[in-house]
>>> print(open('entry24.txt').read())   # compact mmCIF, C-alpha atoms
# COMPACT_ATOMS: atom_id res chain seq x y z
CA MET A 1 42.05 39.24 -36.76
CA LYS A 2 41.12 38.60 -40.37
CA TRP A 3 42.85 41.41 -42.21
CA LYS A 4 44.94 40.15 -45.13
CA GLY A 5 43.72 41.03 -48.60
CA ARG A 6 41.49 43.84 -47.39
CA ARG A 7 41.61 47.58 -48.08
CA LYS A 8 44.49 49.59 -46.65
CA SER A 9 44.15 53.26 -45.85
CA GLY A 10 45.86 55.85 -47.99
CA ASN A 11 46.32 57.98 -44.87
CA LEU A 12 49.18 55.94 -43.40
CA ASP A 13 52.54 57.72 -43.32
CA ASP A 14 55.18 55.05 -42.69
CA ARG A 15 58.48 56.68 -41.70
CA ARG A 16 60.05 53.65 -40.05
CA GLY A 17 62.78 53.44 -42.67
CA SER A 18 64.18 56.68 -41.25
CA SER A 19 65.38 56.88 -37.68
CA THR A 20 66.74 59.83 -35.72
CA LYS A 21 69.76 59.17 -33.55
CA GLY A 22 70.96 61.40 -30.74
CA LYS A 23 69.68 63.01 -27.57
CA LEU A 24 66.29 64.25 -28.68
CA ILE A 25 64.10 64.48 -25.59
CA ALA A 26 65.87 61.99 -23.37
CA GLY A 27 63.76 59.87 -21.07
CA GLY A 28 65.01 61.24 -17.77
CA GLY A 29 63.81 64.00 -15.47
CA VAL A 30 60.36 65.45 -15.98
CA ILE A 31 60.01 63.74 -19.38
CA GLY A 32 60.76 60.40 -17.79
CA ILE A 33 58.06 60.93 -15.16
CA ILE A 34 55.53 61.95 -17.78
CA VAL A 35 56.44 59.00 -19.98
CA VAL A 36 55.83 56.53 -17.15
CA LEU A 37 52.41 58.05 -16.55
CA LEU A 38 51.50 58.28 -20.22
CA GLN A 39 52.60 54.82 -21.28
CA ILE A 40 49.02 53.83 -20.76
CA PHE A 41 48.71 54.27 -24.50
CA GLY A 42 45.79 56.24 -23.95
CA GLY A 43 45.46 59.56 -24.41
CA ASP A 44 44.87 62.80 -25.95
CA THR A 45 48.51 62.53 -25.02
CA GLY A 46 49.58 65.21 -27.43
CA GLN A 47 47.50 67.77 -25.56
CA ALA A 48 49.13 66.78 -22.28
CA ILE A 49 52.74 66.65 -23.41
CA ALA A 50 52.79 69.55 -25.86
CA PRO A 51 53.87 72.24 -23.35
CA VAL A 52 56.71 70.08 -22.04
CA LEU A 53 57.85 68.99 -25.49
CA ASN A 54 57.87 72.56 -26.74
CA GLU A 55 60.02 73.58 -23.77
CA PHE A 56 62.69 71.21 -25.04
CA ASN A 57 62.45 72.16 -28.71
CA ASN A 58 64.75 75.17 -28.44
CA SER A 59 67.51 73.09 -26.87
CA GLN A 60 67.19 70.20 -29.31
CA GLN A 61 70.48 69.12 -30.76
CA THR A 62 70.98 68.66 -34.48
CA GLN A 63 70.09 65.09 -35.26
CA GLN A 64 71.50 62.60 -37.72
CA VAL A 65 68.88 60.73 -39.73
CA GLU A 66 69.64 57.15 -40.74
CA THR A 67 67.70 55.30 -43.43
CA ARG A 68 67.30 51.59 -44.08
CA GLU A 69 65.11 49.11 -45.92
CA LEU A 70 62.20 47.69 -43.92
CA THR A 71 62.19 43.95 -43.30
CA ALA A 72 59.43 41.76 -44.70
CA GLN A 73 57.96 41.44 -41.21
CA GLU A 74 57.96 45.21 -40.75
CA LYS A 75 56.27 45.70 -44.11
CA GLU A 76 53.58 43.20 -43.18
CA LEU A 77 53.03 44.99 -39.88
CA GLY A 78 52.67 48.25 -41.78
CA ASP A 79 50.07 46.62 -44.01
CA PHE A 80 48.21 45.48 -40.91
CA MET A 81 48.18 48.97 -39.42
CA GLY A 82 47.01 50.38 -42.75
CA THR A 83 44.12 47.91 -42.75
CA ILE A 84 43.13 48.78 -39.17
CA LEU A 85 43.21 52.48 -40.05
CA ALA A 86 40.99 51.77 -43.07
CA ASP A 87 38.58 49.89 -40.78
CA THR A 88 38.31 52.89 -38.47
CA GLU A 89 37.65 55.14 -41.47
CA ASP A 90 34.82 52.92 -42.69
CA VAL A 91 33.26 52.46 -39.26
CA TRP A 92 33.35 56.09 -38.18
CA THR A 93 32.12 57.34 -41.53
CA GLN A 94 29.13 55.06 -41.02
CA VAL A 95 28.62 55.97 -37.35
CA PHE A 96 28.80 59.71 -38.05
CA SER A 97 26.25 59.31 -40.84
CA GLU A 98 23.87 57.13 -38.79
CA ASN A 99 23.97 59.57 -35.86
CA ASN A 100 23.77 62.81 -37.89
CA LEU A 101 27.19 63.94 -36.69
CA GLY A 102 28.25 65.41 -40.03
CA ASN A 103 31.12 64.21 -42.17
CA TYR A 104 33.88 62.16 -40.59
CA LYS A 105 37.29 63.71 -41.26
CA LYS A 106 39.85 60.95 -41.66
CA PRO A 107 43.06 61.43 -39.66
CA ASN A 108 46.57 60.42 -40.69
CA MET A 109 48.60 57.84 -38.83
CA VAL A 110 52.38 58.23 -38.66
CA LEU A 111 54.55 55.18 -37.96
CA PHE A 112 58.02 56.18 -36.82
CA THR A 113 61.21 54.91 -35.25
CA ASP A 114 63.00 56.56 -32.32
CA ALA A 115 61.77 60.16 -32.70
CA VAL A 116 59.26 62.25 -34.59
CA GLN A 117 58.26 65.87 -35.05
CA THR A 118 54.56 66.53 -34.50
CA GLY A 119 52.14 69.42 -34.31
CA CYS A 120 52.36 69.02 -30.53
CA GLY A 121 56.16 69.20 -30.45
CA ASN A 122 58.95 66.67 -30.85
CA ALA A 123 58.57 63.25 -29.25
CA THR A 124 60.46 59.99 -28.88
CA SER A 125 59.29 56.40 -28.92
CA ALA A 126 59.31 56.50 -25.10
CA THR A 127 56.22 58.69 -25.20
CA GLY A 128 54.12 55.78 -26.41
CA PRO A 129 51.36 55.95 -29.03
CA PHE A 130 49.47 59.24 -28.94
CA TYR A 131 47.04 61.45 -30.79
CA CYS A 132 47.99 65.07 -31.45
CA PRO A 133 44.92 67.32 -31.76
CA ALA A 134 46.99 70.16 -33.20
CA ASP A 135 47.61 68.31 -36.48
CA GLN A 136 44.92 65.61 -36.00
CA LYS A 137 47.38 62.76 -36.49
CA LEU A 138 48.16 59.55 -34.61
CA TYR A 139 51.82 58.77 -33.88
CA MET A 140 53.11 55.28 -33.14
CA ASP A 141 56.48 53.64 -32.74
CA LEU A 142 55.40 49.99 -32.99
CA VAL A 143 58.19 48.90 -30.64
CA PHE A 144 55.77 50.04 -27.93
CA PHE A 145 53.75 46.88 -28.33
CA ASN A 146 56.73 44.79 -27.26
CA GLU A 147 56.83 46.92 -24.11
CA LEU A 148 53.10 46.45 -23.62
CA HIS A 149 53.65 42.69 -23.57
CA ASN A 150 57.07 42.38 -21.94
CA ARG A 151 56.86 45.14 -19.34
CA PHE A 152 53.16 45.45 -18.61
CA GLY A 153 52.10 41.84 -19.10
CA ALA A 154 49.46 42.26 -21.80
CA LYS A 155 48.72 39.34 -24.10
CA LYS A 156 50.65 39.53 -27.34
CA GLY A 157 48.58 39.66 -30.51
CA ASP A 158 47.46 41.78 -33.40
CA PHE A 159 44.19 42.81 -31.77
CA ALA A 160 46.01 44.48 -28.89
CA MET A 161 47.50 46.76 -31.55
CA ALA A 162 44.08 47.21 -33.12
CA TYR A 163 42.62 48.21 -29.74
CA VAL A 164 45.32 50.79 -29.10
CA THR A 165 44.77 52.24 -32.57
CA ALA A 166 41.01 52.34 -32.08
CA HIS A 167 41.47 54.06 -28.70
CA GLU A 168 43.62 56.79 -30.25
CA ILE A 169 41.09 57.18 -33.06
CA GLY A 170 38.56 57.65 -30.27
CA HIS A 171 40.43 60.80 -29.29
CA HIS A 172 40.18 62.00 -32.87
CA VAL A 173 36.42 61.45 -32.70
CA GLN A 174 36.34 63.48 -29.49
CA THR A 175 38.22 66.29 -31.23
CA LEU A 176 35.81 66.29 -34.17
CA MET A 177 32.81 66.33 -31.83
CA GLY A 178 34.27 69.09 -29.66
CA THR A 179 34.42 66.91 -26.54
CA SER A 180 38.16 67.28 -25.96
CA GLN A 181 38.01 71.05 -26.30
CA LYS A 182 35.13 71.29 -23.79
CA VAL A 183 37.02 69.15 -21.30
CA ARG A 184 40.21 71.20 -21.57
CA GLN A 185 38.23 74.39 -21.11
CA ALA A 186 36.36 73.01 -18.10
CA GLN A 187 39.62 71.91 -16.48
CA ARG A 188 40.94 75.46 -16.34
CA GLY A 189 40.67 76.73 -12.81
CA MET A 190 39.77 73.33 -11.40
CA SER A 191 41.68 71.56 -8.69
CA GLN A 192 44.03 68.87 -9.97
CA VAL A 193 41.82 66.17 -8.48
CA ASP A 194 38.71 67.42 -10.28
CA ALA A 195 40.61 67.95 -13.52
CA ASN A 196 41.87 64.38 -13.29
CA LYS A 197 38.30 63.10 -13.02
CA LEU A 198 37.43 64.76 -16.32
CA SER A 199 40.53 63.23 -17.89
CA VAL A 200 39.43 59.80 -16.71
CA ALA A 201 36.00 60.30 -18.29
CA LEU A 202 37.64 61.38 -21.55
CA GLU A 203 39.90 58.32 -21.64
CA LEU A 204 37.13 55.87 -20.76
CA GLN A 205 35.02 57.35 -23.54
CA ALA A 206 37.87 56.62 -25.95
CA ASP A 207 37.82 53.04 -24.68
CA PHE A 208 34.07 52.93 -25.34
CA TYR A 209 34.69 54.17 -28.87
CA ALA A 210 37.31 51.44 -29.34
CA GLY A 211 34.72 48.87 -28.29
CA LEU A 212 32.15 50.44 -30.61
CA TRP A 213 34.61 50.10 -33.48
CA ALA A 214 35.11 46.42 -32.61
CA TYR A 215 31.32 45.91 -32.62
CA TYR A 216 31.13 47.11 -36.22
CA ASN A 217 34.03 44.81 -37.16
CA LYS A 218 32.74 41.56 -35.65
CA GLU A 219 32.86 39.81 -39.02
CA TYR A 220 36.65 40.16 -39.01
CA LEU A 221 37.29 39.07 -35.42
CA GLU A 222 38.82 35.74 -34.50
CA GLU A 223 38.78 33.72 -31.31
CA GLY A 224 40.87 35.43 -28.64
CA ASP A 225 40.81 38.92 -30.17
CA ILE A 226 38.58 40.50 -27.53
CA GLU A 227 40.61 38.81 -24.79
CA GLU A 228 43.74 40.46 -26.21
CA ALA A 229 42.09 43.88 -26.06
CA LEU A 230 40.88 43.33 -22.50
CA SER A 231 44.32 42.12 -21.44
CA ALA A 232 45.85 45.32 -22.79
CA ALA A 233 43.23 47.45 -21.04
CA ASN A 234 43.81 45.58 -17.79
CA ALA A 235 47.59 45.94 -17.97
CA VAL A 236 47.51 49.70 -18.36
CA GLY A 237 44.82 50.81 -15.96
CA ASP A 238 45.96 53.55 -13.60
CA ASP A 239 45.77 51.25 -10.58
CA ALA A 240 47.81 48.52 -12.27
CA LEU A 241 50.46 50.96 -13.44
CA GLN A 242 50.76 52.68 -10.08
CA ARG A 243 51.19 49.37 -8.28
CA LYS A 244 53.93 48.41 -10.73
CA VAL A 245 55.73 51.76 -10.71
CA GLN A 246 55.33 52.98 -7.13
CA GLY A 247 53.94 50.01 -5.21
CA SER A 248 50.77 51.82 -4.08
CA VAL A 249 47.61 53.33 -5.55
CA ASN A 250 46.40 56.94 -5.35
CA PRO A 251 42.92 57.26 -6.93
CA ASP A 252 43.03 61.07 -6.84
CA SER A 253 45.91 60.99 -9.33
CA PHE A 254 44.15 58.70 -11.83
CA THR A 255 43.95 60.18 -15.33
CA HIS A 256 42.86 57.21 -17.46
CA GLY A 257 40.75 55.00 -15.21
CA THR A 258 41.24 51.71 -13.43
CA SER A 259 41.83 48.45 -15.24
CA GLN A 260 38.25 47.39 -14.53
CA GLN A 261 36.79 50.66 -15.77
CA ARG A 262 38.76 50.48 -19.00
CA LYS A 263 37.62 46.92 -19.64
CA ASP A 264 34.01 47.72 -18.74
CA TRP A 265 33.74 50.70 -21.08
CA PHE A 266 35.38 48.85 -23.95
CA LEU A 267 32.93 46.01 -23.46
CA ARG A 268 29.97 48.40 -23.29
CA GLY A 269 30.87 49.73 -26.71
CA TYR A 270 31.53 46.26 -28.06
CA LYS A 271 28.36 44.65 -26.73
CA THR A 272 25.90 47.45 -27.52
CA GLY A 273 27.26 49.16 -30.62
CA ASP A 274 25.14 52.09 -29.43
CA MET A 275 26.71 55.53 -29.83
CA SER A 276 24.11 57.03 -27.47
CA GLN A 277 25.72 55.20 -24.53
CA HIS A 278 29.03 57.07 -24.80
CA ASP A 279 28.43 59.50 -21.89
CA THR A 280 31.15 58.48 -19.47
CA PHE A 281 31.00 61.92 -17.83
CA SER A 282 27.48 61.49 -16.43
CA ALA A 283 28.10 57.83 -15.60
CA LEU A 284 31.12 58.63 -13.43
CA LYS A 285 29.16 61.21 -11.44
CA ASN A 286 26.63 58.60 -10.33
>>> encode(input="entry24.txt", output="structure tokens")
Amino acid sequence: MKWKGRRKSGNLDDRRGSSTKGKLIAGGGVIGIIVVLLQIFGGDTGQAIAPVLNEFNNSQQTQQVETRELTAQEKELGDFMGTILADTEDVWTQVFSENNLGNYKKPNMVLFTDAVQTGCGNATSATGPFYCPADQKLYMDLVFFNELHNRFGAKKGDFAMAYVTAHEIGHHVQTLMGTSQKVRQAQRGMSQVDANKLSVALELQADFYAGLWAYYNKEYLEEGDIEEALSAANAVGDDALQRKVQGSVNPDSFTHGTSQQRKDWFLRGYKTGDMSQHDTFSALKN
């Protein structure tokens, strides 16, 4: 992606020079199970993990914070993320204006190492990138993208990171538009299977929004960028993850959509650039 020399967002909070060492929210037990299911980098993840994270807050041990100077490569990666965040700000400000959605409220993005305190509770890097609706911030430990490539088989490249960021920004858009709140309210009293279907629609809509963002940024794309995004979407579909983790697939437990669905909705946003086609909820009923 063509990004060097372009505007960087002032809403990037880079905390990677400080790392927390210790036993904060270890990856075993119930947290470990949730982490495996949520490492699909998707998600209004903060909403899902907040109750569990808060349960562990009272037993959190005092942590030792270590600081260090970022390497040149890490600083460049931070500049890249700042540019992607700026791109999302520009695109969604324009989209909100064009579609009479009001003013777009820009979120903050927090880059961290090891562990972080959020409005949804304390989390570790094992949680994967997530959006917390309570403080309207995105949280990312960039080590995740090595996992995305090495463990889940996604193509390595800067646009895979851009796609993940755009997906999480999609959840911010859903919060601003009231979509996430309506879904959470509708899920109360539903069976788990029916609630999961709404979660899938919410996640696929965030993929559509990621594709829509890419449509508005075509002038900055390079050969292979879209393939990187599709590879990431394919690697972390519910069906692909379940086959890798448990060796079988249970559609009733899907919360983010299949690999094909995630690719299809990203491409719909990318090919049309049409905000009016974002209704994944009606589409999945047909």
>>> residues_around(input="entry24.txt", residues="Asn100 in chain A", least_positions_apart="4", cutoff="12 Å", atoms="all atoms listed in the file", output="number ranges by chain")
A: 92-96, 104, 177, 275-276
>>> write_last_selection(input="entry24.txt", atoms="C-alpha atoms", output="PDB file, in the coordinates of the input")
ATOM      1  CA  TRP A  92      33.350  56.090 -38.180  1.00  0.00           C
ATOM      2  CA  THR A  93      32.120  57.340 -41.530  1.00  0.00           C
ATOM      3  CA  GLN A  94      29.130  55.060 -41.020  1.00  0.00           C
ATOM      4  CA  VAL A  95      28.620  55.970 -37.350  1.00  0.00           C
ATOM      5  CA  PHE A  96      28.800  59.710 -38.050  1.00  0.00           C
ATOM      6  CA  TYR A 104      33.880  62.160 -40.590  1.00  0.00           C
ATOM      7  CA  MET A 177      32.810  66.330 -31.830  1.00  0.00           C
ATOM      8  CA  MET A 275      26.710  55.530 -29.830  1.00  0.00           C
ATOM      9  CA  SER A 276      24.110  57.030 -27.470  1.00  0.00           C
TER      10      SER A 276
END
>>> residues_near_point(input="entry24.txt", point="(37.7, 64.7, -16.4)", cutoff="9 Å", atoms="all atoms listed in the file", output="number ranges by chain")
A: 183-184, 186-187, 194-203, 255, 281
>>> atom_distance(input="entry24.txt", atom1="CA of Asn122 in chain A", atom2="CA of Ala206 in chain A")
23.9 Å
>>> closest_atom_pairs(input="entry24.txt", of="range 65-147 of chain A", to="range 228-232 of chain A", cutoff="12 Å", atoms="all atoms listed in the file", output="CSV")
residue,atom,partner,partner_atom,distance
A:Phe145,CA,A:Ala232,CA,9.8
A:Asn146,CA,A:Ala232,CA,11.8
A:Glu147,CA,A:Ala232,CA,11.2
>>> residues_around(input="entry24.txt", residues="range 260-266 of chain A", least_positions_apart="4", cutoff="8 Å", atoms="only C-alpha atoms", output="list in words")
Leu204, Gln205, Asp207, Phe208, Tyr209, Ala210, Gly211, Leu212, Leu230, Ala233, Asn234, Gly237 and Tyr270 of chain A
>>> closest_residue(input="entry24.txt", among="A:Leu142, A:Leu241, A:Leu85, A:Leu176", to="Leu101 in chain A", atoms="all atoms listed in the file")
A:Leu176
>>> closest_residue(input="entry24.txt", among="A:Met161, A:Leu70, A:Ala126, A:Ala154", to="Asp114 in chain A", atoms="only C-alpha atoms")
A:Ala126
>>> closest_residue(input="entry24.txt", among="A:Glu227, A:Glu69, A:Val193, A:Gly269", to="Asn250 in chain A", atoms="all atoms listed in the file")
A:Val193
>>> residues_near_point(input="entry24.txt", point="(29.9, 42.9, -37.3)", cutoff="12 Å", atoms="all atoms listed in the file", output="list of chain:residue names")
A:Asp87, A:Val91, A:Gly211, A:Leu212, A:Trp213, A:Ala214, A:Tyr215, A:Tyr216, A:Asn217, A:Lys218, A:Glu219, A:Tyr220, A:Leu221, A:Glu222, A:Tyr270, A:Lys271, A:Thr272, A:Gly273
>>> write_last_selection(input="entry24.txt", atoms="C-alpha atoms", output="PDB file, in the frame of the given file")
ATOM      1  CA  ASP A  87      38.580  49.890 -40.780  1.00  0.00           C
ATOM      2  CA  VAL A  91      33.260  52.460 -39.260  1.00  0.00           C
ATOM      3  CA  GLY A 211      34.720  48.870 -28.290  1.00  0.00           C
ATOM      4  CA  LEU A 212      32.150  50.440 -30.610  1.00  0.00           C
ATOM      5  CA  TRP A 213      34.610  50.100 -33.480  1.00  0.00           C
ATOM      6  CA  ALA A 214      35.110  46.420 -32.610  1.00  0.00           C
ATOM      7  CA  TYR A 215      31.320  45.910 -32.620  1.00  0.00           C
ATOM      8  CA  TYR A 216      31.130  47.110 -36.220  1.00  0.00           C
ATOM      9  CA  ASN A 217      34.030  44.810 -37.160  1.00  0.00           C
ATOM     10  CA  LYS A 218      32.740  41.560 -35.650  1.00  0.00           C
ATOM     11  CA  GLU A 219      32.860  39.810 -39.020  1.00  0.00           C
ATOM     12  CA  TYR A 220      36.650  40.160 -39.010  1.00  0.00           C
ATOM     13  CA  LEU A 221      37.290  39.070 -35.420  1.00  0.00           C
ATOM     14  CA  GLU A 222      38.820  35.740 -34.500  1.00  0.00           C
ATOM     15  CA  TYR A 270      31.530  46.260 -28.060  1.00  0.00           C
ATOM     16  CA  LYS A 271      28.360  44.650 -26.730  1.00  0.00           C
ATOM     17  CA  THR A 272      25.900  47.450 -27.520  1.00  0.00           C
ATOM     18  CA  GLY A 273      27.260  49.160 -30.620  1.00  0.00           C
TER      19      GLY A 273
END
>>> atom_distance(input="entry24.txt", atom1="CA of Gly257 in chain A", atom2="CA of His172 in chain A")
19.0 Å
